[in-house]
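In what follows, a single structure is set out as structure tokens and then discussed.
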Amino acid sequence: MSPLKITTRDAATGPVLEITGELDYTSAPALRELLTTLTLQPGQRLVLDLAGMEFCDSSGLTTLIAARNHAHAAQSDIALAAVPDHTLRVLRIVGLDQILPIHPDSRSAARP
Amino acid sequence: MDISRRNNVNVIGNPQGPTVVLAHGFGCDQNMWRLTVPALVEEYRVVLFDYVGSGRAEPSAFSEERYASLDGYARDVVDICEALDLHEAVFVGHSVSAMIGVLAAGLAPERIGALVMVAPSPRYIDEESYRGGFSAEDIDELLGSLESNYLGWSAAMAPVIMGNAERPELGDELANSFCATDPAMARVFARATFLSDSRDDLKSVSVPTLVLECAQDVIAPREVGAFVHQAIPGSKLITLDATGHCPHLSAPEATNEALTAFLAGLR
Amino acid sequence: MCPTGQQPDPHGTSEEKTANAAFAALLEDSAEELYESAPCGYLSTLMDGTIAKINSTLLGWLGLERDAVVGRMRFTDLLTVGGKLYHETHFAPLLRMQGQIGGIALEMKQANGTRMPVLVSSVIKHGANGEPLLIRTTSFDARDRRAYEEELLRGRKVAEEARRQAEADRARLQEALAVLQQSLLPATLPPVPGVETAAHYHTASPDRLGGDFYDVFPVDDKRFAFFLGDVCGKGPQAAAVTSLTRYTLRAAALHDSDPVAALSTLNKVLHERYSGSGDPRYCTAVFGILDPDPVTGQVAVRLAAGGHPPVLVLRADGAADFLPTPGGLLVGILPDAHFVTATTVLAPGDTLLLYTDGLTEARTGQDRTDLFGDEALRAFAADHAGTSPQAVVQALIGLLHSFADGLDDDTALLALGVPALNPQTTNPS
């Protein structure tokens with residue numbers, strides 16, 4: 001049970017957001033807010049590194065979709081990295097694994 | 001709820017004797033009758049009680065709606081008469097209880113066989129030609145006095161003012177603990193008492209009635225005593241040489257003499 | 001300390017002697033002087049209240065002359081009318097019964113018409129035979145104290161009024177929320193010939209509108225549609241999506257009852273409404289059609305799901321299995337989503353169980369870190385397979401209660417079953 005923390009760094013492919021802690025109803029708006037301030041160039045890739053994410057509820061999922069929409073609107077790509085097992089299972093139930101590319105870690109996700 | 005617990009009913013005296021119910025008025029509880037009881041217990045079965053909202057009656061039985069008018073208190077009396085299965089009891093009511101007795105006798109005529117009205121007043125507020133002795137503003141002032149005096153609660157004054165009345169039971173250790181009353185309930189009783197108008201109910205009294213008034217009583221002046229006496233057909237009026245509103249405390253001998261003589265006449 | 005009545009100290013200095021003499025003189029002088037000029041009012045009355053003695057301090061407060069008071073006025077004449085009433089109903093009876101009374105707040109009338117708050121204490125002086133002789137009364141100036149108390153009382157009244165208002169507002173809001181929540185769910189399920197139904201909605205927080213929903217309704221004279229789902233998010237915005245979803249599905253089913261068609265319509269509606277809003281809204285849903293066969297008593301089920309955990313089929317023989325609907329995407333995310341159809345047939349004693357993920361996502365274990373999970377749900381359902389839909393839902397309500405604070409999401413349950421031919425013999429457990 002730790003609060004959400006988001007760290008932004010730049011890779012060759014574009015911004016990488018490291019998300020640690022809980023992404024839920026109360027914390028998801030913070031990520032949503034951050035996404036709106038994130039500038040993406042066409043062809044870049046937004047990577048969400050979820051290795052440190054402890055929990056993700058439906059509001060968290062909504063934010064992942066918002067991230068995808070934000071990237072696509074900027075003619076960029078999106079990738080999820082190091083999705084925790086439980087969240088991966090949920091992503092499969094709701095079919096999001098079909099529309100969000102998933103990588104084992106942020107290094108492979110940020111590989112050009 | 002058990003009526004005898006609800007109204008803190010105490011039955012004492014001669015179980016074979018006729019039943020006399022002693023009913024306290026506004027401001028105190030059955031302790032008021034402490035100088036009257038000794039004169040009765042040998043010959044009579046004496047019923048003492050507290051109205052809900054007074055003395056040691058069950059506070060959880062209080063309902064602002066029921067006790068906002070004298071009818072609620074009269075229903076307490078009828079409940080007690082029924083619980084004890086009283087018939088033809090003599091109801092001795094002090095102050096507002098005298099009027100409550102009139103109402104109760106109307107509700108359950110078979111239960112109440114005679115009335116003793118101690119310092120009664122059917123209407124405290126002056127109205128047209130009627131002189132009750134008080135104006136509506138005077139009654140507001142009394143409510144103000146209630147607000148600033150929590151008898152039996154006075155040590156709890158600060159917490160009450162601060163809105164934190166949940167203190168351990170202070171009752172017994174306190175000075176003024178007789179007549180300890182929740183100020184919120186006292187306020188309801190005060191309004192029911194001093195804003196009531198029971199003048200029309202007097203005419204319906206059909207049982208033998210004794211009216212006891214004091215020579216000097218600011219609450220029930222002599223004009224009011226005369227009014228009650230005239231309104232109740234066949235009633236008897238005795239003016240006690242007493243000052244104040246509580247002759248059973250300030251002039252107990254004279255009060256007891258008048259009371260026992262009346263009771264003896266009924267037998 | 002106080003050498004009165006003693007021989008002067010032989011070792012004392014002359015200055016000390018002078019001081020001691022002055023002190024003694026003061027004390028000797030004080031009895032009458034103290035009574036008259038004490039910083040409180042003194043009053044003695046006969047038992048009928050007639051004033052027999054009064055000190056100068058009190059006369060000064062009242063602005064009265066001694067001759068006008070002594071033997072002419074009663075104590076109650078000094079009080080305001082309200083004070084008189086209070087005196088007669090409370091003060092005098094208590095004084096008689098207790099022999100004394102202390103610290104009562106009363107108001108006295110001053111000659112100039114203003115009122116003076118005082119704190120009054122009285123004691124009865126008794127004669128040798130115990131008979132009451134007179135009443136001694138002291139009164140203290142309580143003007144400052146009363147002003148302070150009145151300020152406190154006023155503050156308390158304001159605070160109480162604010163609290164009452166806040167409670168009323170809160171009650172009104174909760175009532176409004178409850179009404180809205182009810183509008184998102186059917187009040188009762190309609191009777192479905194040859195099918196038993198049961199449903200339950202668990203609200204995680206009475207203050208917050210939930211986003212789970214379900215419904216059962218006829219689509220023609222023979223078949224019934226049902227759906228159950230979960231709008232992502234909570235609160236008023238989610239409730240708006242729930243409302244849109246419920247009525248879209250009902251309307252879509254009347255137009256084309258095919259489950260994939262109904263979900264596709266909903267997908268289109270939600271996507272068009274919310275995708276451009278910067279606030280994507282979507283839901284998970286199972287939508288299905290019940291087609292009872294009155295001859296065999298069997299009910300054919302055809303359903304589709306989008307983003308929703310698979311439904312469970314509880315068989316009369318005690319088996320419980322998920323009915324997979326893989327690949328169905330959350331409804332409302334993409335402009336063109338594809339949904340997958342699954343079918344089954346319910347025979348007598350079989351029950352179809354739909355649920356939202358509040359149930360499987362409930363946190364269990366000592367430190368509430370484990371999730372209840374799919375397999376535990378399947379096993380629990382198997383234990384109740386063969387019983388009626390009502391019994392299954394009742395058992396699940398018990399399970400939800402057992403989660404206690406581990407259940408932090410809304411949960412909807414819908415069970416549809418075909419009555420067993422002979423309920424006594426069909427439960428294998």
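Residue numbers start at 1 in each chain; chains themselves are named A, B, ... in the order of the structure tokens; ligands are numbered from 1 in the order shown.
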Subject >> Shell around Arg45 in chain A at 6 Å using only C-alpha atoms, local window under 3 positions removed, as a PyMOL selection string >> reply: chain A and resi 13-14+76-78
Using only C-alpha atoms, find each residue of chain A with at least one atom at most 6 Å away from an atom of chain C; report its shortest atom-to-atom pair and that distance in Å (one decimal), sort the rows by chain and rising residue number, and return the result as a Markdown table.
| residue | atom | partner | partner_atom | distance |
| --- | --- | --- | --- | --- |
| A:Ser58 | CA | C:Cys232 | CA | 5.3 |
| A:Ser59 | CA | C:Gly233 | CA | 5.3 |
| A:Ile93 | CA | C:Gly307 | CA | 5.7 |
| A:Val94 | CA | C:Gly307 | CA | 3.3 |
| A:Gly95 | CA | C:Leu329 | CA | 4.2 |
Check which residues of range 288-319 of chain C sit at most 9 Å from range 186-194 of chain C using only C-alpha atoms, and return one row each with the closest pair of atoms and their distance in Å to one decimal, ordered by chain and rising number, as CSV.
residue,atom,partner,partner_atom,distance
C:Pro292,CA,C:Gly194,CA,6.9
C:Asp293,CA,C:Gly194,CA,8.6
C:Pro294,CA,C:Gly194,CA,7.5
C:Gly297,CA,C:Gly194,CA,6.8
C:Gln298,CA,C:Gly194,CA,8.4
C:Val299,CA,C:Gly194,CA,8.1
Mind dumping the selected residues with C-alpha atoms as a short mmCIF file (atom, residue, chain, number, x, y, z; two decimals), in the first residue's frame?
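Below you can see selection25.cif, which holds the result:
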data_model
loop_
_atom_site.label_atom_id
_atom_site.label_comp_id
_atom_site.auth_asym_id
_atom_site.auth_seq_id
_atom_site.Cartn_x
_atom_site.Cartn_y
_atom_site.Cartn_z
CA PRO C 292 -36.75 -21.58 -23.23
CA ASP C 293 -38.04 -24.75 -24.86
CA PRO C 294 -41.39 -25.49 -23.20
CA GLY C 297 -37.90 -27.64 -20.21
CA GLN C 298 -34.39 -26.79 -21.35
CA VAL C 299 -33.24 -23.21 -21.92
#
Subject >> Two-atom distance - CA of Glu110 in chain B, CA of Phe91 in chain B (Å) >> reply: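 Distance reported for this atom pair: 12.4 Å.
Coordinates place CA of Ile238 in chain B at a distance of 25.0 Å from CA of Glu131 in chain C.
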Subject >> For CA of Leu64 in chain A and CA of Leu35 in chain A, the interatomic separation in Å (one decimal) >> reply: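 CA of Leu35 in chain A lies at a distance of 10.1 Å from CA of Leu64 in chain A.
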**OP:** Rank nothing, just name the residue among B:Asp126, B:Asp217, B:Asp79, B:Glu65 nearest to chain C, using only C-alpha atoms.
**Re:**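 Closest residue, counting only C-alpha atoms: B:Asp217.
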Sorted by chain and rising residue number, which residues of chain B lie within 6 Å of chain C, and what are their closest atom pairs and distances in Å to one decimal, counting only C-alpha atoms, as CSV?
residue,atom,partner,partner_atom,distance
B:Gly27,CA,C:Thr89,CA,5.1
B:Asp138,CA,C:Gly82,CA,5.3
B:Glu141,CA,C:Gly82,CA,4.4
B:Leu142,CA,C:Gly82,CA,4.0
B:Ile161,CA,C:Leu153,CA,5.8
B:Thr243,CA,C:Asp48,CA,5.5
B:His245,CA,C:Glu88,CA,5.9
Give me the residues near Ala239 in chain C as a PDB file with C-alpha atoms, in the first residue's frame, where near means some atom within 8 Å (using only C-alpha atoms) and where sequence neighbours in that chain fewer than 2 positions away do not count.
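Result went into around.pdb, see below:
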ATOM      1  CA  GLN C 181     -28.719   4.135  -7.787  1.00  0.00           C
ATOM      2  CA  LEU C 184     -29.729   2.075 -12.559  1.00  0.00           C
ATOM      3  CA  LEU C 209     -22.699   5.742  -6.804  1.00  0.00           C
ATOM      4  CA  GLY C 210     -21.496   2.415  -8.064  1.00  0.00           C
ATOM      5  CA  GLY C 211     -21.044   1.465 -11.656  1.00  0.00           C
ATOM      6  CA  LYS C 234     -17.236   5.471  -9.801  1.00  0.00           C
ATOM      7  CA  GLY C 235     -19.290   8.474  -8.870  1.00  0.00           C
ATOM      8  CA  PRO C 236     -21.762  10.585 -10.828  1.00  0.00           C
ATOM      9  CA  GLN C 237     -19.841  10.369 -14.125  1.00  0.00           C
ATOM     10  CA  VAL C 241     -22.397   5.952 -18.229  1.00  0.00           C
ATOM     11  CA  THR C 242     -24.281   3.188 -16.393  1.00  0.00           C
ATOM     12  CA  SER C 243     -27.586   4.820 -17.223  1.00  0.00           C
TER      13      SER C 243
END
